[in-house]
Amino acid sequence: MRKEYRKAQAITLGTVDYGESDRIIDLYTLEYGRVSVIAKGARRSLKRFVGKLDPPTLLEVIYFNAPYGLSRLDSAELLDGFINIKQEVATYARACYLLELTREMTRAGQVNEKFFELAKYFLETLGSGKERGENLLRYFDIKALDLLGFLPHVEGCVVCRDLFGDGGGSVSSDIYFSSHKGGAICAGCVKPTEELTALSVGTARFLSTAARMPNEKLKRLRPNQVFLREGASVLEGFIKHLIGKEFKSASFINKLGQNPASAMNMKRY
Ligand SMILES: [Zn+2]
């Protein structure tokens, strides 16, 4: 990697203050994957960076790439400030989840244009206000897992490879999900000591359909509450298994569902 100026389209994932007036920003870029840059004087400079670095934003950035140190942000042009996302706490919490997943599950410098487009599409959809529900996060989960190479096997049993029928075939409708094995398991292959999550064939089918669908067609899916509840618990457990910890924003969203007023007082991420 050479020292050079780079121009990139970037989604801001998070920021931390550094020293007296600098700020370090985590970016996910279309051209170079995830990068951390330092914005010198970001907290003092009103003109250059104001309103541009608070996630989520979509930017066109120019930064000076330092292969062995912190790259320096030179300029940032705001392409989308996602104002609507920041005006409603539930929508903001969902956006935080999307950013956290991106930060935790991607590696610095690994380019994935399709994943960038996915994250951008879902932020735009959240911001449009047309679709803000929980289902949007499940679509993002399953499509993100697919694009990052972690798609769980849910079309059949991950052990015996039998496909799940409609409940009347050779495999019964009682199936489970194993985060450890990365897929669904039929009742016949379950071992007594295994840690499993309950799953229905309908939910397994909903997840595999969502993974294959182009982003813009996902709104045609009409998942019922059981699919969403089971899908959430399976994917939450699986992602936690992959990254080795729970998302801060996931517990924020769960709190919102139970008691929106107290969740409002929680720290912003
Ligand atoms: Zn099996």
# chains A, B, ... in the order shown; residues from 1 in each chain; ligands from 1
>>> residues_around(residues="range 18-32 of chain A", least_positions_apart="2", cutoff="7 Å", atoms="only C-alpha atoms", output="ChimeraX atom specification")
/A:8-16,34-44,109-111,113,116
>>> select_by_dssp(residues="range 14-203 of chain A", states="alpha helix (DSSP H)", output="ChimeraX atom specification")
/A:46-49,83-87,89-105,113-128,134-147,201-203
>>> residues_near_ligand(ligand="ligand 1", cutoff="7 Å", atoms="only C-alpha atoms and all ligand atoms", output="list in words")
Cys157, Val158, Val159, Cys160, Arg161, Asp162, Ile185, Cys186, Ala187, Gly188 and Cys189 of chain A
>>> write_last_selection(atoms="N, CA and C atoms", output="CSV table (one decimal), in the first residue's frame")
chain,number,residue,atom,x,y,z
A,157,CYS,N,-31.5,-29.8,6.2
A,157,CYS,CA,-30.7,-30.1,7.4
A,157,CYS,C,-29.2,-30.0,7.1
A,158,VAL,N,-28.5,-29.3,8.0
A,158,VAL,CA,-27.1,-29.1,7.8
A,158,VAL,C,-26.3,-30.4,8.0
A,159,VAL,N,-26.9,-31.4,8.7
A,159,VAL,CA,-26.2,-32.6,9.0
A,159,VAL,C,-26.5,-33.7,7.9
A,160,CYS,N,-27.8,-34.0,7.7
A,160,CYS,CA,-28.1,-35.1,6.8
A,160,CYS,C,-28.4,-34.6,5.4
A,161,ARG,N,-28.5,-33.2,5.2
A,161,ARG,CA,-28.7,-32.6,3.9
A,161,ARG,C,-30.1,-32.8,3.3
A,162,ASP,N,-31.0,-33.4,4.1
A,162,ASP,CA,-32.4,-33.6,3.6
A,162,ASP,C,-33.0,-32.2,3.4
A,185,ILE,N,-31.3,-27.9,11.6
A,185,ILE,CA,-31.1,-29.3,11.9
A,185,ILE,C,-32.5,-29.9,12.0
A,186,CYS,N,-32.7,-31.1,11.3
A,186,CYS,CA,-33.9,-31.8,11.5
A,186,CYS,C,-34.0,-32.5,12.8
A,187,ALA,N,-35.2,-32.9,13.2
A,187,ALA,CA,-35.4,-33.5,14.6
A,187,ALA,C,-34.6,-34.8,14.7
A,188,GLY,N,-34.5,-35.5,13.5
A,188,GLY,CA,-33.7,-36.8,13.5
A,188,GLY,C,-32.2,-36.7,13.8
A,189,CYS,N,-31.7,-35.5,13.5
A,189,CYS,CA,-30.2,-35.3,13.6
A,189,CYS,C,-29.8,-34.6,14.9
>>> atom_distance(atom1="CA of Glu155 in chain A", atom2="CA of Ala204 in chain A")
6.6 Å
>>> residues_around(residues="Lys240 in chain A", least_positions_apart="5", cutoff="12 Å", atoms="only C-alpha atoms", output="PyMOL selection string")
chain A and resi 101+104-105+141+179-180+232-235+245-248+250
>>> select_by_dssp(residues="range 42-191 of chain A", states="strand (DSSP E)", output="ChimeraX atom specification")
/A:58-65,71-80,174-178,183-186
>>> write_last_selection(atoms="C-alpha atoms", output="short mmCIF file (atom, residue, chain, number, x, y, z; two decimals), in the first residue's frame")
data_model
loop_
_atom_site.label_atom_id
_atom_site.label_comp_id
_atom_site.auth_asym_id
_atom_site.auth_seq_id
_atom_site.Cartn_x
_atom_site.Cartn_y
_atom_site.Cartn_z
CA LEU A 58 -23.01 9.20 3.28
CA LEU A 59 -19.95 11.15 2.17
CA GLU A 60 -17.54 11.64 -0.64
CA VAL A 61 -14.21 11.83 1.14
CA ILE A 62 -10.64 12.55 0.17
CA TYR A 63 -8.11 11.16 2.63
CA PHE A 64 -4.38 10.76 2.74
CA ASN A 65 -3.73 7.05 3.05
CA SER A 71 -4.98 7.95 7.50
CA ARG A 72 -5.84 11.65 7.51
CA LEU A 73 -9.19 12.95 6.36
CA ASP A 74 -8.64 15.85 4.00
CA SER A 75 -12.17 16.77 2.92
CA ALA A 76 -15.70 15.45 3.16
CA GLU A 77 -18.67 16.29 0.98
CA LEU A 78 -22.08 15.38 2.34
CA LEU A 79 -24.08 13.21 -0.09
CA ASP A 80 -26.80 12.23 2.41
CA ASP A 174 -40.00 -29.75 13.80
CA ILE A 175 -36.63 -28.28 13.03
CA TYR A 176 -33.99 -26.38 15.00
CA PHE A 177 -31.11 -24.03 14.39
CA SER A 178 -27.54 -24.55 15.53
CA GLY A 183 -27.58 -24.02 9.91
CA ALA A 184 -30.89 -25.75 10.51
CA ILE A 185 -31.11 -29.30 11.86
CA CYS A 186 -33.94 -31.79 11.47
#
>>> residues_around(residues="Ala119 in chain A", least_positions_apart="4", cutoff="8 Å", atoms="only C-alpha atoms", output="PyMOL selection string")
chain A and resi 98+102+115+123+140
>>> closest_residue(among="A:Tyr5, A:Pro55, A:Pro192, A:Glu230", to="Glu100 in chain A", atoms="only C-alpha atoms")
A:Pro55
>>> atom_distance(atom1="CA of Arg138 in chain A", atom2="CA of Arg103 in chain A")
17.3 Å
>>> residues_around(residues="range 221-225 of chain A", least_positions_apart="6", cutoff="9 Å", atoms="only C-alpha atoms", output="PyMOL selection string")
chain A and resi 135+203+206+209-210
>>> atom_distance(atom1="CA of Thr125 in chain A", atom2="CA of Lys255 in chain A")
23.0 Å
